[in-house]
$ cat data.txt   # compact mmCIF, C-alpha atoms
# COMPACT_ATOMS: atom_id res chain seq x y z
CA MET A 1 68.66 74.47 138.72
CA GLY A 2 69.28 71.84 136.12
CA ASP A 3 67.41 69.15 134.22
CA SER A 4 63.86 70.38 134.71
CA ASP A 5 61.76 73.06 136.33
CA GLU A 6 58.99 70.61 137.21
CA LEU A 7 58.75 69.45 140.82
CA ALA A 8 60.48 66.17 141.55
CA VAL A 9 60.42 63.59 144.29
CA LEU A 10 63.79 62.06 145.10
CA ILE A 11 63.42 58.31 145.67
CA LEU A 12 66.04 56.43 147.68
CA SER A 13 65.31 52.72 147.55
CA GLY A 14 66.44 49.84 149.71
CA TRP A 15 67.53 46.28 149.06
CA SER A 16 64.05 45.81 147.63
CA ASP A 17 61.62 48.42 146.34
CA GLY A 18 58.96 47.48 148.89
CA PRO A 19 56.11 50.01 148.69
CA LEU A 20 57.94 52.43 146.40
CA PRO A 21 56.46 51.40 143.00
CA ALA A 22 52.90 52.03 144.26
CA LEU A 23 53.95 55.32 145.86
CA GLU A 24 55.76 56.42 142.68
CA HIS A 25 52.67 55.60 140.59
CA SER A 26 50.52 57.72 142.89
CA LEU A 27 52.99 60.62 142.86
CA ARG A 28 53.21 60.55 139.06
CA GLN A 29 49.43 60.69 138.82
CA ARG A 30 49.63 63.91 140.83
CA GLY A 31 52.05 65.41 138.31
CA LEU A 32 55.28 64.88 140.22
CA ARG A 33 58.40 63.53 138.60
CA CYS A 34 60.09 60.68 140.48
CA VAL A 35 63.89 60.61 140.34
CA ARG A 36 65.70 57.52 141.63
CA VAL A 37 69.08 57.87 143.33
CA PRO A 38 71.63 55.16 142.48
CA LEU A 39 72.71 53.77 145.86
CA PRO A 40 75.54 51.35 146.62
CA MET A 41 74.09 48.84 149.09
CA PRO A 42 76.41 46.22 150.54
CA PRO A 43 76.15 43.32 149.89
CA CYS A 44 73.63 43.67 147.01
CA GLY A 45 74.54 44.15 143.38
CA VAL A 46 77.92 45.23 142.08
CA TYR A 47 77.68 49.03 142.43
CA TRP A 48 78.88 48.87 146.03
CA CYS A 49 82.00 46.94 144.92
CA ALA A 50 83.63 50.29 144.04
CA ASN A 51 84.38 50.52 147.75
CA PRO A 52 88.10 50.76 148.70
CA PHE A 53 87.47 49.05 152.03
CA LEU A 54 86.70 45.80 150.19
CA LEU A 55 90.30 45.67 149.01
CA LEU A 56 91.43 46.26 152.58
CA LEU A 57 89.14 43.46 153.81
CA ALA A 58 90.57 41.08 151.20
CA GLY A 59 94.05 42.07 152.35
CA VAL A 60 93.19 41.23 155.97
CA VAL A 61 91.98 37.77 154.95
CA TRP A 62 95.09 37.19 152.83
CA LEU A 63 97.40 38.34 155.63
CA MET A 64 95.68 36.06 158.14
CA ILE A 65 96.07 33.04 155.84
CA TYR A 66 99.70 33.95 155.16
CA ALA A 67 100.47 34.44 158.87
CA LEU A 68 98.84 31.14 159.82
CA ASN A 69 100.92 29.33 157.21
CA GLU A 70 104.12 30.94 158.51
CA VAL A 71 103.62 30.18 162.21
CA THR A 72 106.58 28.07 163.33
CA LEU A 73 107.14 29.57 166.76
CA GLU A 74 106.32 27.81 170.00
CA PRO A 75 103.73 27.84 171.47
CA ALA A 76 101.97 27.86 168.09
CA ALA A 77 98.47 27.80 169.57
CA LEU A 78 98.98 31.17 171.25
CA TYR A 79 100.25 32.79 168.07
CA ILE A 80 97.42 31.27 166.04
CA MET A 81 94.85 32.69 168.49
CA LEU A 82 96.51 36.13 168.38
CA ILE A 83 96.56 36.10 164.57
CA ILE A 84 92.90 35.09 164.37
CA ALA A 85 91.83 37.64 167.01
CA GLY A 86 93.75 40.42 165.24
CA ALA A 87 92.28 39.42 161.89
CA LEU A 88 88.74 39.43 163.31
CA VAL A 89 89.19 42.91 164.77
CA ALA A 90 90.68 44.19 161.51
CA ALA A 91 87.89 42.55 159.49
CA ARG A 92 85.23 44.17 161.69
CA LEU A 93 86.84 47.58 161.21
CA CYS A 94 86.91 46.97 157.45
CA VAL A 95 83.19 46.11 157.45
CA ALA A 96 82.52 49.40 159.25
CA GLY A 97 84.57 51.14 156.57
CA VAL A 98 82.61 49.41 153.79
CA VAL A 99 79.32 50.61 155.30
CA ARG A 100 80.55 54.16 155.99
CA PHE A 101 81.91 54.51 152.45
CA ALA A 102 78.67 53.14 150.94
CA GLU A 103 76.69 55.66 153.03
CA TRP A 104 78.96 58.51 151.94
CA HIS A 105 78.77 57.41 148.29
CA GLY A 106 74.96 57.16 148.37
CA ALA A 107 74.60 60.56 150.07
CA ALA A 108 76.96 62.13 147.50
CA ASN A 109 74.81 60.72 144.67
CA ALA A 110 71.69 62.13 146.35
CA ARG A 111 73.28 65.56 146.86
CA ARG A 112 74.15 65.70 143.15
CA LEU A 113 70.53 64.99 142.22
CA LEU A 114 69.25 67.48 144.79
CA ALA A 115 71.33 70.14 143.05
CA ARG A 116 70.08 69.15 139.58
CA HIS A 117 66.34 68.97 140.29
CA ARG A 118 63.67 71.09 141.95
CA VAL A 119 62.94 68.58 144.71
CA ALA A 120 59.67 68.87 146.61
CA LEU A 121 60.02 65.70 148.70
CA VAL A 122 62.61 63.06 149.57
CA VAL A 123 61.35 59.51 150.13
CA GLY A 124 63.67 56.88 151.57
CA PHE A 125 62.88 53.21 152.08
CA SER A 126 65.06 50.76 154.05
CA TRP A 127 68.73 51.49 153.17
CA GLY A 128 67.55 54.54 151.21
CA GLY A 129 65.78 55.71 154.37
CA GLY A 130 69.12 55.56 156.17
CA ILE A 131 70.73 57.65 153.43
CA ALA A 132 67.85 60.16 153.54
CA HIS A 133 68.32 60.31 157.32
CA GLN A 134 71.98 61.18 156.71
CA LEU A 135 70.99 63.94 154.28
CA LEU A 136 68.81 65.46 157.00
CA ALA A 137 71.39 65.05 159.75
CA SER A 138 74.08 66.73 157.64
CA ARG A 139 71.62 69.46 156.58
CA ALA A 140 72.28 68.68 152.91
CA TRP A 141 68.47 68.49 152.66
CA ARG A 142 66.04 70.41 154.88
CA GLY A 143 62.79 69.85 153.04
CA PRO A 144 59.88 67.45 153.55
CA THR A 145 61.03 63.86 154.01
CA LEU A 146 59.26 60.54 154.29
CA LEU A 147 61.26 57.66 155.77
CA LEU A 148 59.69 54.24 155.26
CA ALA A 149 61.15 51.56 157.56
CA PRO A 150 64.60 53.22 157.57
CA THR A 151 67.58 51.08 158.56
CA THR A 152 69.31 53.92 160.40
CA VAL A 153 70.04 51.95 163.57
CA ALA A 154 71.35 48.89 161.71
CA MET A 155 73.50 51.08 159.45
CA ALA A 156 74.92 52.93 162.46
CA ARG A 157 75.73 49.69 164.26
CA CYS A 158 77.47 48.25 161.20
CA ALA A 159 79.42 51.50 160.81
CA LEU A 160 80.41 51.45 164.52
CA ARG A 161 78.77 54.75 165.43
CA ALA A 162 75.73 55.92 167.36
CA PRO A 163 72.58 56.68 165.34
CA GLN A 164 71.86 60.39 165.00
CA ARG A 165 68.59 61.82 166.30
CA LEU A 166 66.50 64.12 164.15
CA ASP A 167 64.03 66.66 165.49
CA ASP A 168 62.32 68.04 162.45
CA ALA A 169 58.68 68.94 161.92
CA ARG A 170 59.07 68.22 158.19
CA LEU A 171 59.99 64.57 158.74
CA ARG A 172 57.65 61.59 158.80
CA VAL A 173 58.86 58.12 159.74
CA VAL A 174 56.75 55.06 158.97
CA LEU A 175 57.80 51.80 160.63
CA ALA A 176 56.37 48.35 159.98
CA SER A 177 55.95 45.68 162.61
$ encode --input "data.txt" --output "structure tokens"
Amino acid sequence: MGDSDELAVLILSGWSDGPLPALEHSLRQRGLRCVRVPLPMPPCGVYWCANPFLLLLAGVVWLMIYALNEVTLEPAALYIMLIIAGALVAARLCVAGVVRFAEWHGAANARRLLARHRVALVVGFSWGGGIAHQLLASRAWRGPTLLLAPTTVAMARCALRAPQRLDDARLRVVLAS
């Protein structure tokens, strides 16, 4: 198995910890080990900056500025609008790539920890809930899961894909209003 034979709870946090510190305290009091998964979360922190789509996005911005400076053809307004429209489409596709890569990177980190620990429960909050949702959808994890205010729909929209549905009796989703 790996690091320990004791039962562990895999914790996937969001942009903030929200209710997780209180939940972790309660789980520890019950003898469970809480293991946090390092998650790249755009645009928070620097861990997500290891994303190759950021370089592509910077390239799109640079190319747009370069192209606008080089426009000498008539009618210039038409070419400027085409350059800006093309740059906006390319930038949107790059943002989708940033999100998809961050999701993949976070899920890969979680899969590594799932392999190293005897996990009894996965808890995901906010962005971490979206990553936990991905683990379930890909069947990388099939055990009990608690999703607290998961951002699955927002993540899917940013990544330009439809959110996946889960039908699992071992899943609990808690949403706040």
$ residues_around --input "data.txt" --residues "region 135-138 of chain A" --least-positions-apart "5" --cutoff "10 Å" --atoms "all atoms listed in the file" --output "list in words"
Trp104, Gly106, Ala107, Ala108, Ala110, Arg111, Val122, Gly129, Gly130, Gly143, Pro144, Thr145, Gln164, Arg165, Leu166, Asp167, Asp168 and Leu171 of chain A
$ residues_around --input "data.txt" --residues "region 55-58 of chain A" --least-positions-apart "3" --cutoff "9 Å" --atoms "only C-alpha atoms" --output "VMD selection string"
chain A and resid 51 to 52 61 to 63 90 to 95 98
$ closest_residue --input "data.txt" --among "A:Arg139, A:His105, A:His133, A:Arg172" --to "Pro42 (chain A)" --atoms "all atoms listed in the file"
A:His105
$ residues_near_point --input "data.txt" --point "(62.2, 56.0, 158.0)" --cutoff "8 Å" --atoms "only C-alpha atoms" --output "ChimeraX atom specification"
/A:124-126,129-130,133,146-152,172-175
$ closest_residue --input "data.txt" --among "A:Ile83, A:Val99, A:Leu23, A:Ala77" --to "Arg161 (chain A)" --atoms "all atoms listed in the file"
A:Val99
$ closest_residue --input "data.txt" --among "A:Ala120, A:Gly59, A:Gly97, A:Asn69" --to "Cys34 (chain A)" --atoms "all atoms listed in the file"
A:Ala120
$ atom_distance --input "data.txt" --atom1 "CA of Glu24 (chain A)" --atom2 "CA of Arg36 (chain A)"
10.1 Å
$ residues_around --input "data.txt" --residues "Ile80 (chain A)" --least-positions-apart "3" --cutoff "10 Å" --atoms "only C-alpha atoms" --output "number ranges by chain"
A: 64, 67-69, 71, 73, 75-77, 83-86
$ closest_residue --input "data.txt" --among "A:Ala102, A:Val119, A:Met81, A:Asp5" --to "Pro40 (chain A)" --atoms "all atoms listed in the file"
A:Ala102
$ atom_distance --input "data.txt" --atom1 "CA of Asp17 (chain A)" --atom2 "CA of Arg112 (chain A)"
21.6 Å
$ closest_residue --input "data.txt" --among "A:Leu32, A:Ala159, A:Val9, A:Leu114" --to "Phe101 (chain A)" --atoms "only C-alpha atoms"
A:Ala159
$ residues_around --input "data.txt" --residues "Arg118 (chain A)" --least-positions-apart "3" --cutoff "7 Å" --atoms "all atoms listed in the file" --output "PyMOL selection string"
chain A and resi 1+5-8
$ closest_residue --input "data.txt" --among "A:Ala115, A:Leu39, A:Ile65, A:Leu20" --to "Ala140 (chain A)" --atoms "all atoms listed in the file"
A:Ala115
$ decode --input "data.txt" --residues "region 62-100 of chain A" --atoms "C-alpha atoms" --output "mmCIF file, in the first residue's frame"
data_model
loop_
_atom_site.group_PDB
_atom_site.id
_atom_site.type_symbol
_atom_site.label_atom_id
_atom_site.label_comp_id
_atom_site.auth_asym_id
_atom_site.auth_seq_id
_atom_site.Cartn_x
_atom_site.Cartn_y
_atom_site.Cartn_z
ATOM 1 C CA TRP A 62 1.970 38.924 -27.727
ATOM 2 C CA LEU A 63 0.886 37.955 -31.247
ATOM 3 C CA MET A 64 -2.188 40.186 -31.033
ATOM 4 C CA ILE A 65 -0.091 43.176 -29.945
ATOM 5 C CA TYR A 66 2.469 42.457 -32.665
ATOM 6 C CA ALA A 67 -0.220 42.076 -35.352
ATOM 7 C CA LEU A 68 -1.950 45.302 -34.315
ATOM 8 C CA ASN A 69 1.343 47.173 -34.552
ATOM 9 C CA GLU A 70 2.017 45.759 -38.027
ATOM 10 C CA VAL A 71 -1.382 46.565 -39.569
ATOM 11 C CA THR A 72 -0.743 48.853 -42.537
ATOM 12 C CA LEU A 73 -3.301 47.450 -44.957
ATOM 13 C CA GLU A 74 -6.485 49.217 -45.926
ATOM 14 C CA PRO A 75 -9.130 49.076 -44.550
ATOM 15 C CA ALA A 76 -7.245 48.898 -41.250
ATOM 16 C CA ALA A 77 -10.387 48.795 -39.108
ATOM 17 C CA LEU A 78 -11.477 45.487 -40.646
ATOM 18 C CA TYR A 79 -8.093 43.887 -40.076
ATOM 19 C CA ILE A 80 -7.940 45.203 -36.513
ATOM 20 C CA MET A 81 -11.377 43.699 -35.764
ATOM 21 C CA LEU A 82 -10.335 40.352 -37.289
ATOM 22 C CA ILE A 83 -7.107 40.312 -35.261
ATOM 23 C CA ILE A 84 -8.942 41.115 -32.030
ATOM 24 C CA ALA A 85 -11.699 38.558 -32.706
ATOM 25 C CA GLY A 86 -9.137 35.858 -33.519
ATOM 26 C CA ALA A 87 -7.133 36.714 -30.405
ATOM 27 C CA LEU A 88 -10.249 36.541 -28.213
ATOM 28 C CA VAL A 89 -11.179 33.111 -29.568
ATOM 29 C CA ALA A 90 -7.615 31.861 -29.123
ATOM 30 C CA ALA A 91 -7.457 33.306 -25.598
ATOM 31 C CA ARG A 92 -10.729 31.581 -24.655
ATOM 32 C CA LEU A 93 -9.403 28.260 -25.934
ATOM 33 C CA CYS A 94 -6.215 28.800 -23.919
ATOM 34 C CA VAL A 95 -8.243 29.461 -20.754
ATOM 35 C CA ALA A 96 -10.072 26.165 -21.352
ATOM 36 C CA GLY A 97 -6.688 24.497 -21.716
ATOM 37 C CA VAL A 98 -5.443 26.067 -18.467
ATOM 38 C CA VAL A 99 -8.476 24.708 -16.591
ATOM 39 C CA ARG A 100 -8.334 21.251 -18.194
#
